[in-house]
file protein.cif (mmCIF, C-alpha atoms)
data_data
#
loop_
_atom_site.label_atom_id
_atom_site.label_comp_id
_atom_site.auth_asym_id
_atom_site.auth_seq_id
_atom_site.Cartn_x
_atom_site.Cartn_y
_atom_site.Cartn_z
CA GLY X 1 73.27 144.97 -7.90
CA GLU X 2 76.34 142.94 -7.21
CA SER X 3 77.46 140.73 -10.02
CA VAL X 4 79.65 138.72 -7.68
CA GLY X 5 78.46 137.43 -4.34
CA LEU X 6 79.20 134.88 -1.69
CA HIS X 7 76.81 132.44 -0.09
CA LEU X 8 78.05 132.63 3.51
CA PRO X 9 79.50 135.57 5.38
CA THR X 10 81.31 133.33 7.93
CA LEU X 11 82.75 129.84 7.67
CA SER X 12 84.11 128.03 10.71
CA VAL X 13 86.27 124.94 10.23
CA GLN X 14 88.44 122.72 12.39
CA GLU X 15 92.17 123.02 12.00
CA GLY X 16 93.33 120.33 9.61
CA ASP X 17 90.00 120.02 7.82
CA ASN X 18 89.40 121.15 4.27
CA SER X 19 87.62 124.47 3.66
CA ILE X 20 85.32 125.26 0.77
CA ILE X 21 84.38 128.86 0.09
CA ASN X 22 81.74 129.54 -2.54
CA CYS X 23 81.04 132.42 -4.85
CA ALA X 24 78.27 133.12 -7.35
CA TYR X 25 78.50 135.56 -10.22
CA SER X 26 75.76 136.81 -12.49
CA ASN X 27 77.61 138.17 -15.52
CA SER X 28 78.13 135.39 -18.03
CA ALA X 29 80.54 137.63 -19.95
CA SER X 30 83.08 137.51 -17.14
CA ASP X 31 86.14 135.63 -18.28
CA TYR X 32 88.69 135.97 -15.53
CA PHE X 33 88.28 135.21 -11.84
CA ILE X 34 90.57 135.73 -8.89
CA TRP X 35 90.53 134.70 -5.25
CA TYR X 36 92.05 137.07 -2.72
CA LYS X 37 92.77 136.66 0.97
CA GLN X 38 92.59 139.71 3.21
CA GLU X 39 93.95 139.71 6.74
CA SER X 40 92.97 142.36 9.22
CA GLY X 41 94.60 145.70 8.49
CA LYS X 42 96.12 144.54 5.22
CA GLY X 43 95.37 144.66 1.55
CA PRO X 44 93.99 141.76 -0.48
CA GLN X 45 96.60 139.13 -1.21
CA PHE X 46 96.43 137.19 -4.47
CA ILE X 47 95.80 133.46 -3.95
CA ILE X 48 94.88 131.95 -7.30
CA ASP X 49 93.19 132.86 -10.56
CA ILE X 50 91.33 131.04 -13.29
CA ARG X 51 90.24 131.89 -16.81
CA SER X 52 86.87 131.01 -18.25
CA ASN X 53 88.38 128.43 -20.62
CA MET X 54 89.30 126.30 -17.60
CA ASP X 55 87.15 124.59 -14.98
CA LYS X 56 89.81 123.74 -12.42
CA ARG X 57 93.15 125.04 -11.35
CA GLN X 58 95.37 123.93 -8.50
CA GLY X 59 97.96 125.74 -6.46
CA GLN X 60 99.74 124.96 -3.25
CA ARG X 61 97.01 123.63 -0.91
CA VAL X 62 94.36 125.53 -2.87
CA THR X 63 92.09 124.57 -5.75
CA VAL X 64 89.70 126.80 -7.62
CA LEU X 65 86.73 125.32 -9.44
CA LEU X 66 84.71 127.19 -12.04
CA ASN X 67 81.27 126.06 -13.17
CA LYS X 68 80.21 128.35 -15.99
CA THR X 69 76.87 126.61 -16.44
CA VAL X 70 75.62 127.76 -13.05
CA LYS X 71 78.05 130.69 -12.76
CA HIS X 72 79.66 129.39 -9.62
CA LEU X 73 83.19 129.63 -8.33
CA SER X 74 84.68 127.87 -5.32
CA LEU X 75 87.95 127.93 -3.43
CA GLN X 76 89.07 124.79 -1.68
CA ILE X 77 91.79 124.98 0.96
CA ALA X 78 93.31 121.68 1.99
CA ALA X 79 94.38 120.96 5.57
CA THR X 80 93.34 124.36 6.88
CA GLN X 81 95.86 126.04 9.17
CA PRO X 82 95.51 128.87 11.69
CA GLY X 83 97.29 131.17 9.25
CA ASP X 84 94.42 130.69 6.82
CA SER X 85 92.13 132.76 9.04
CA ALA X 86 91.12 135.77 6.96
CA VAL X 87 88.36 137.16 4.79
CA TYR X 88 88.30 135.61 1.33
CA PHE X 89 87.01 137.50 -1.69
CA CYS X 90 86.28 136.34 -5.17
CA ALA X 91 86.63 138.93 -7.90
CA GLU X 92 85.85 138.98 -11.58
CA ASN X 93 87.04 140.92 -14.55
CA LEU X 94 84.27 141.95 -16.87
CA GLU X 95 86.22 142.79 -20.00
CA ALA X 96 89.48 141.05 -20.68
CA GLY X 97 91.88 142.62 -23.10
CA GLY X 98 90.67 146.18 -23.00
CA GLY X 99 88.05 148.53 -21.75
CA ALA X 100 87.27 148.57 -18.08
CA ASP X 101 89.65 146.38 -16.14
CA GLY X 102 88.43 147.19 -12.69
CA LEU X 103 87.68 144.08 -10.72
CA THR X 104 84.24 143.44 -9.25
CA PHE X 105 84.49 142.00 -5.76
CA GLY X 106 82.04 139.98 -3.73
CA LYS X 107 81.35 140.86 -0.10
CA GLY X 108 83.69 138.24 1.31
CA THR X 109 83.63 135.17 3.53
CA HIS X 110 85.29 135.28 6.92
CA LEU X 111 87.11 131.99 7.46
CA ILE X 112 87.53 131.10 11.14
CA ILE X 113 89.79 128.24 12.17
CA GLN X 114 88.81 126.31 15.28
CA PRO X 115 91.72 124.68 17.19
CA ASN T 1 111.22 143.29 -4.79
CA ALA T 2 108.97 145.83 -3.13
CA GLY T 3 105.23 145.44 -3.48
CA VAL T 4 102.67 148.17 -3.98
CA MET T 5 103.43 150.97 -1.54
CA GLN T 6 100.73 153.24 -0.20
CA ASN T 7 101.06 156.17 2.14
CA PRO T 8 100.03 157.33 4.52
CA ARG T 9 98.68 154.19 6.18
CA HIS T 10 96.30 156.27 8.26
CA LEU T 11 94.99 159.74 7.50
CA VAL T 12 92.70 161.85 9.64
CA ARG T 13 90.96 164.87 8.20
CA ARG T 14 88.27 167.25 9.33
CA ARG T 15 85.20 167.84 7.22
CA GLY T 16 85.95 170.26 4.40
CA GLN T 17 89.67 169.52 4.24
CA GLU T 18 91.51 167.82 1.41
CA ALA T 19 92.89 164.28 1.49
CA ARG T 20 95.76 163.10 -0.72
CA LEU T 21 96.52 159.43 -0.95
CA ARG T 22 99.64 158.18 -2.67
CA CYS T 23 100.44 154.91 -4.39
CA SER T 24 103.65 153.63 -5.89
CA PRO T 25 103.07 150.55 -8.06
CA MET T 26 105.24 147.47 -8.08
CA LYS T 27 108.42 147.80 -10.08
CA GLY T 28 107.72 147.21 -13.74
CA HIS T 29 103.98 147.79 -13.39
CA SER T 30 102.48 150.59 -15.45
CA HIS T 31 98.80 150.14 -14.61
CA VAL T 32 97.29 151.44 -11.40
CA TYR T 33 93.82 150.90 -9.94
CA TRP T 34 92.13 152.53 -6.96
CA TYR T 35 89.44 150.84 -4.87
CA ARG T 36 87.42 151.85 -1.84
CA GLN T 37 86.40 149.47 0.93
CA LEU T 38 83.78 150.16 3.57
CA PRO T 39 83.78 148.07 6.78
CA GLU T 40 82.51 144.52 6.30
CA GLU T 41 82.26 144.98 2.54
CA GLY T 42 84.18 144.08 -0.56
CA LEU T 43 86.29 146.49 -2.54
CA LYS T 44 84.61 148.83 -5.02
CA PHE T 45 86.47 149.85 -8.14
CA MET T 46 87.01 153.58 -8.55
CA VAL T 47 89.51 154.37 -11.28
CA TYR T 48 92.08 152.79 -13.58
CA LEU T 49 95.10 154.74 -14.79
CA GLN T 50 98.16 154.30 -16.90
CA LYS T 51 101.03 156.76 -16.96
CA GLU T 52 99.58 160.21 -17.63
CA ASN T 53 96.22 158.76 -18.69
CA ILE T 54 92.94 157.99 -16.99
CA ILE T 55 91.59 154.89 -18.71
CA ASP T 56 88.41 154.27 -16.75
CA GLU T 57 86.95 156.41 -13.98
CA SER T 58 83.47 154.92 -14.06
CA GLY T 59 83.58 154.04 -10.36
CA MET T 60 84.70 157.42 -9.12
CA PRO T 61 82.26 160.02 -7.79
CA LYS T 62 81.85 162.86 -10.25
CA GLU T 63 82.53 165.57 -7.70
CA ARG T 64 85.38 166.13 -5.25
CA PHE T 65 87.36 163.05 -6.33
CA SER T 66 90.22 163.06 -8.79
CA ALA T 67 93.15 160.81 -9.63
CA GLU T 68 96.38 161.14 -11.51
CA PHE T 69 99.38 159.03 -12.41
CA PRO T 70 102.11 161.39 -13.61
CA LYS T 71 105.06 160.44 -15.74
CA GLU T 72 107.28 160.67 -12.68
CA GLY T 73 106.21 159.86 -9.15
CA PRO T 74 103.37 158.02 -7.50
CA SER T 75 99.72 157.91 -8.39
CA ILE T 76 97.61 160.32 -6.33
CA LEU T 77 93.98 159.98 -5.30
CA ARG T 78 92.71 163.37 -4.21
CA ILE T 79 89.51 164.01 -2.29
CA GLN T 80 88.49 167.62 -1.89
CA GLN T 81 86.16 168.97 0.79
CA VAL T 82 85.92 165.64 2.54
CA VAL T 83 82.70 164.53 4.22
CA ARG T 84 82.05 161.86 6.85
CA GLY T 85 80.90 159.42 4.16
CA ASP T 86 84.40 159.45 2.66
CA SER T 87 85.68 157.51 5.68
CA ALA T 88 86.89 154.20 4.30
CA ALA T 89 89.97 152.19 3.42
CA TYR T 90 91.38 153.10 0.02
CA PHE T 91 93.43 150.48 -1.76
CA CYS T 92 95.68 150.77 -4.72
CA ALA T 93 96.57 147.88 -6.99
CA SER T 94 98.94 147.55 -9.91
CA SER T 95 99.45 145.18 -12.80
CA PRO T 96 102.07 144.94 -15.52
CA ARG T 97 99.62 145.29 -18.39
CA THR T 98 95.97 145.43 -19.20
CA GLY T 99 93.68 142.56 -19.93
CA GLY T 100 92.21 139.84 -17.77
CA ASN T 101 95.35 137.77 -17.80
CA GLN T 102 97.30 139.48 -15.07
CA PRO T 103 96.24 139.58 -11.44
CA GLN T 104 96.22 142.91 -9.72
CA HIS T 105 98.50 143.18 -6.70
CA PHE T 106 97.35 145.34 -3.82
CA GLY T 107 98.98 147.60 -1.31
CA ASP T 108 97.98 147.65 2.35
CA GLY T 109 95.74 150.67 1.90
CA THR T 110 95.19 154.07 3.43
CA ARG T 111 92.59 154.25 6.15
CA LEU T 112 90.90 157.62 5.92
CA SER T 113 88.96 158.90 8.92
CA ILE T 114 86.89 162.07 8.73
CA LEU T 115 86.18 163.88 11.97
#
call {"tool": "encode", "arguments": {"input": "protein.cif", "output": "structure tokens"}}
result
Amino acid sequence: GESVGLHLPTLSVQEGDNSIINCAYSNSASDYFIWYKQESGKGPQFIIDIRSNMDKRQGQRVTVLLNKTVKHLSLQIAATQPGDSAVYFCAENLEAGGGADGLTFGKGTHLIIQP
Amino acid sequence: NAGVMQNPRHLVRRRGQEARLRCSPMKGHSHVYWYRQLPEEGLKFMVYLQKENIIDESGMPKERFSAEFPKEGPSILRIQQVVRGDSAAYFCASSPRTGGNQPQHFGDGTRLSIL
């Protein structure tokens, strides 16, 4: 089955509020995680990544949290804007440094921004 | 600085025909990955290539599908004798080197429709 999954298929938030998108993974060997944003008709766009030796990483308006104990990943978007509307995917790399480097993607969460 | 370029953006084929999808990686990237995405789903890894070498094709169907990344020119994903189930969006990604330390950057995909 899927080693990476998301709790909610759709998340609706008010413009200006913070958004939290969750992701669970089952493979404890995964050591690299990425969040992608995909707009309609386009390819996934890199947002932020985190390695397993970290539990938090911040970017511009985004924060990724990694809880290895419960194998949970979250993406926090501050002050959500209409341009944040998209499907968000978490992805994991199963073998860093060699071997298979294909990413395993979750099914995605559709973030909807309410005016 | 051009991103990952895929063409064509849309491809229509009749059952039994061949489909060729092309991908030019970002400048300076020597690693190419192909993924398939069905509607409302996440991306599924198919194959990982470096110049003139297939590194991992564990996600690619054993029959009718092949991929190459020649010394010169783009990477090609080839689907022979297409069937309706091959209808999907096919995305290519590239990275500068292997390992879990570099995010993969995606093109905008080729949407393949089988009549």
call {"tool": "residues_around", "arguments": {"input": "protein.cif", "residues": "Gln76 in chain X", "least_positions_apart": "3", "cutoff": "8 Å", "atoms": "all atoms listed in the file", "output": "ChimeraX atom specification"}}
result
/X:18-21,62-64
call {"tool": "resolve_selection", "arguments": {"input": "protein.cif", "expression": "the PyMOL selection byres ((chain T and resi 20-30) around 6)", "output": "PDB file with C-alpha atoms, in the frame of the given file"}}
result
ATOM      1  CA  GLY T   3     105.230 145.440  -3.480  1.00  0.00           C
ATOM      2  CA  VAL T   4     102.670 148.170  -3.980  1.00  0.00           C
ATOM      3  CA  MET T   5     103.430 150.970  -1.540  1.00  0.00           C
ATOM      4  CA  GLN T   6     100.730 153.240  -0.200  1.00  0.00           C
ATOM      5  CA  ASN T   7     101.060 156.170   2.140  1.00  0.00           C
ATOM      6  CA  ALA T  19      92.890 164.280   1.490  1.00  0.00           C
ATOM      7  CA  HIS T  31      98.800 150.140 -14.610  1.00  0.00           C
ATOM      8  CA  GLN T  50      98.160 154.300 -16.900  1.00  0.00           C
ATOM      9  CA  PRO T  74     103.370 158.020  -7.500  1.00  0.00           C
ATOM     10  CA  SER T  75      99.720 157.910  -8.390  1.00  0.00           C
ATOM     11  CA  ILE T  76      97.610 160.320  -6.330  1.00  0.00           C
ATOM     12  CA  LEU T  77      93.980 159.980  -5.300  1.00  0.00           C
ATOM     13  CA  ARG T  78      92.710 163.370  -4.210  1.00  0.00           C
ATOM     14  CA  SER T  94      98.940 147.550  -9.910  1.00  0.00           C
ATOM     15  CA  SER T  95      99.450 145.180 -12.800  1.00  0.00           C
ATOM     16  CA  PRO T  96     102.070 144.940 -15.520  1.00  0.00           C
TER      17      PRO T  96
END
call {"tool": "resolve_selection", "arguments": {"input": "protein.cif", "expression": "the PyMOL selection byres ((chain T) within 6 of (chain X))", "output": "PyMOL selection string"}}
result
chain T and resi 41-43+45+56+99-100+106-108
call {"tool": "atom_distance", "arguments": {"input": "protein.cif", "atom1": "CA of Gly85 in chain T", "atom2": "CA of Ala67 in chain T"}}
result
18.5 Å
call {"tool": "resolve_selection", "arguments": {"input": "protein.cif", "expression": "the PyMOL selection byres ((chain T and resi 90) around 8)", "output": "number ranges by chain"}}
result
T: 34-37, 88-89, 91-92, 109-112
call {"tool": "decode", "arguments": {"input": "protein.cif", "residues": "range 63-91 of chain T", "atoms": "N, CA and C atoms", "output": "PDB file, in the first residue's frame"}}
result
ATOM      1  N   GLU T  63       6.046  -4.473 -19.921  1.00  0.00           N
ATOM      2  CA  GLU T  63       5.778  -4.550 -21.357  1.00  0.00           C
ATOM      3  C   GLU T  63       5.329  -3.191 -21.877  1.00  0.00           C
ATOM      4  N   ARG T  64       5.668  -2.925 -23.089  1.00  0.00           N
ATOM      5  CA  ARG T  64       5.230  -1.770 -23.896  1.00  0.00           C
ATOM      6  C   ARG T  64       5.887  -0.453 -23.491  1.00  0.00           C
ATOM      7  N   PHE T  65       6.435  -0.352 -22.320  1.00  0.00           N
ATOM      8  CA  PHE T  65       7.033   0.908 -21.852  1.00  0.00           C
ATOM      9  C   PHE T  65       8.556   0.799 -21.903  1.00  0.00           C
ATOM     10  N   SER T  66       9.182   1.875 -22.367  1.00  0.00           N
ATOM     11  CA  SER T  66      10.634   1.941 -22.330  1.00  0.00           C
ATOM     12  C   SER T  66      11.053   3.392 -22.171  1.00  0.00           C
ATOM     13  N   ALA T  67      12.259   3.594 -21.682  1.00  0.00           N
ATOM     14  CA  ALA T  67      12.768   4.948 -21.483  1.00  0.00           C
ATOM     15  C   ALA T  67      14.240   4.977 -21.827  1.00  0.00           C
ATOM     16  N   GLU T  68      14.676   6.129 -22.294  1.00  0.00           N
ATOM     17  CA  GLU T  68      16.082   6.320 -22.583  1.00  0.00           C
ATOM     18  C   GLU T  68      16.478   7.756 -22.292  1.00  0.00           C
ATOM     19  N   PHE T  69      17.763   7.951 -22.074  1.00  0.00           N
ATOM     20  CA  PHE T  69      18.320   9.280 -21.864  1.00  0.00           C
ATOM     21  C   PHE T  69      19.669   9.263 -22.576  1.00  0.00           C
ATOM     22  N   PRO T  70      19.666   9.581 -23.864  1.00  0.00           N
ATOM     23  CA  PRO T  70      20.903   9.460 -24.653  1.00  0.00           C
ATOM     24  C   PRO T  70      21.927  10.514 -24.275  1.00  0.00           C
ATOM     25  N   LYS T  71      23.134  10.296 -24.752  1.00  0.00           N
ATOM     26  CA  LYS T  71      24.216  11.229 -24.476  1.00  0.00           C
ATOM     27  C   LYS T  71      23.866  12.639 -24.965  1.00  0.00           C
ATOM     28  N   GLU T  72      23.251  12.703 -26.122  1.00  0.00           N
ATOM     29  CA  GLU T  72      22.804  13.979 -26.659  1.00  0.00           C
ATOM     30  C   GLU T  72      21.288  13.954 -26.806  1.00  0.00           C
ATOM     31  N   GLY T  73      20.645  15.040 -26.449  1.00  0.00           N
ATOM     32  CA  GLY T  73      19.211  15.123 -26.665  1.00  0.00           C
ATOM     33  C   GLY T  73      18.402  14.822 -25.424  1.00  0.00           C
ATOM     34  N   PRO T  74      17.091  14.923 -25.566  1.00  0.00           N
ATOM     35  CA  PRO T  74      16.213  14.768 -24.405  1.00  0.00           C
ATOM     36  C   PRO T  74      16.037  13.317 -23.987  1.00  0.00           C
ATOM     37  N   SER T  75      15.465  13.143 -22.819  1.00  0.00           N
ATOM     38  CA  SER T  75      15.036  11.812 -22.397  1.00  0.00           C
ATOM     39  C   SER T  75      13.706  11.510 -23.089  1.00  0.00           C
ATOM     40  N   ILE T  76      13.509  10.252 -23.454  1.00  0.00           N
ATOM     41  CA  ILE T  76      12.300   9.826 -24.146  1.00  0.00           C
ATOM     42  C   ILE T  76      11.621   8.726 -23.339  1.00  0.00           C
ATOM     43  N   LEU T  77      10.325   8.892 -23.119  1.00  0.00           N
ATOM     44  CA  LEU T  77       9.492   7.810 -22.585  1.00  0.00           C
ATOM     45  C   LEU T  77       8.638   7.323 -23.738  1.00  0.00           C
ATOM     46  N   ARG T  78       8.745   6.051 -24.029  1.00  0.00           N
ATOM     47  CA  ARG T  78       8.074   5.483 -25.193  1.00  0.00           C
ATOM     48  C   ARG T  78       7.056   4.448 -24.740  1.00  0.00           C
ATOM     49  N   ILE T  79       5.847   4.582 -25.248  1.00  0.00           N
ATOM     50  CA  ILE T  79       4.796   3.614 -24.933  1.00  0.00           C
ATOM     51  C   ILE T  79       4.316   3.024 -26.248  1.00  0.00           C
ATOM     52  N   GLN T  80       4.514   1.739 -26.397  1.00  0.00           N
ATOM     53  CA  GLN T  80       4.099   1.061 -27.620  1.00  0.00           C
ATOM     54  C   GLN T  80       2.700   0.469 -27.458  1.00  0.00           C
ATOM     55  N   GLN T  81       1.989   0.384 -28.565  1.00  0.00           N
ATOM     56  CA  GLN T  81       0.663  -0.257 -28.589  1.00  0.00           C
ATOM     57  C   GLN T  81      -0.203   0.235 -27.430  1.00  0.00           C
ATOM     58  N   VAL T  82      -0.425   1.536 -27.402  1.00  0.00           N
ATOM     59  CA  VAL T  82      -1.114   2.137 -26.275  1.00  0.00           C
ATOM     60  C   VAL T  82      -2.523   1.571 -26.107  1.00  0.00           C
ATOM     61  N   VAL T  83      -2.943   1.541 -24.834  1.00  0.00           N
ATOM     62  CA  VAL T  83      -4.292   1.113 -24.470  1.00  0.00           C
ATOM     63  C   VAL T  83      -4.941   2.235 -23.675  1.00  0.00           C
ATOM     64  N   ARG T  84      -6.270   2.123 -23.491  1.00  0.00           N
ATOM     65  CA  ARG T  84      -7.004   3.205 -22.812  1.00  0.00           C
ATOM     66  C   ARG T  84      -6.435   3.480 -21.418  1.00  0.00           C
ATOM     67  N   GLY T  85      -5.981   2.443 -20.747  1.00  0.00           N
ATOM     68  CA  GLY T  85      -5.451   2.597 -19.393  1.00  0.00           C
ATOM     69  C   GLY T  85      -4.161   3.401 -19.317  1.00  0.00           C
ATOM     70  N   ASP T  86      -3.550   3.669 -20.470  1.00  0.00           N
ATOM     71  CA  ASP T  86      -2.335   4.488 -20.478  1.00  0.00           C
ATOM     72  C   ASP T  86      -2.651   5.979 -20.397  1.00  0.00           C
ATOM     73  N   SER T  87      -3.915   6.329 -20.519  1.00  0.00           N
ATOM     74  CA  SER T  87      -4.317   7.743 -20.421  1.00  0.00           C
ATOM     75  C   SER T  87      -3.957   8.273 -19.041  1.00  0.00           C
ATOM     76  N   ALA T  88      -3.166   9.302 -19.016  1.00  0.00           N
ATOM     77  CA  ALA T  88      -2.680   9.865 -17.748  1.00  0.00           C
ATOM     78  C   ALA T  88      -1.846  11.090 -18.067  1.00  0.00           C
ATOM     79  N   ALA T  89      -1.423  11.780 -17.004  1.00  0.00           N
ATOM     80  CA  ALA T  89      -0.418  12.832 -17.157  1.00  0.00           C
ATOM     81  C   ALA T  89       0.931  12.228 -16.803  1.00  0.00           C
ATOM     82  N   TYR T  90       1.912  12.469 -17.658  1.00  0.00           N
ATOM     83  CA  TYR T  90       3.255  11.932 -17.435  1.00  0.00           C
ATOM     84  C   TYR T  90       4.188  13.111 -17.155  1.00  0.00           C
ATOM     85  N   PHE T  91       4.835  13.030 -15.990  1.00  0.00           N
ATOM     86  CA  PHE T  91       5.710  14.120 -15.579  1.00  0.00           C
ATOM     87  C   PHE T  91       7.152  13.652 -15.554  1.00  0.00           C
TER      88      PHE T  91
END
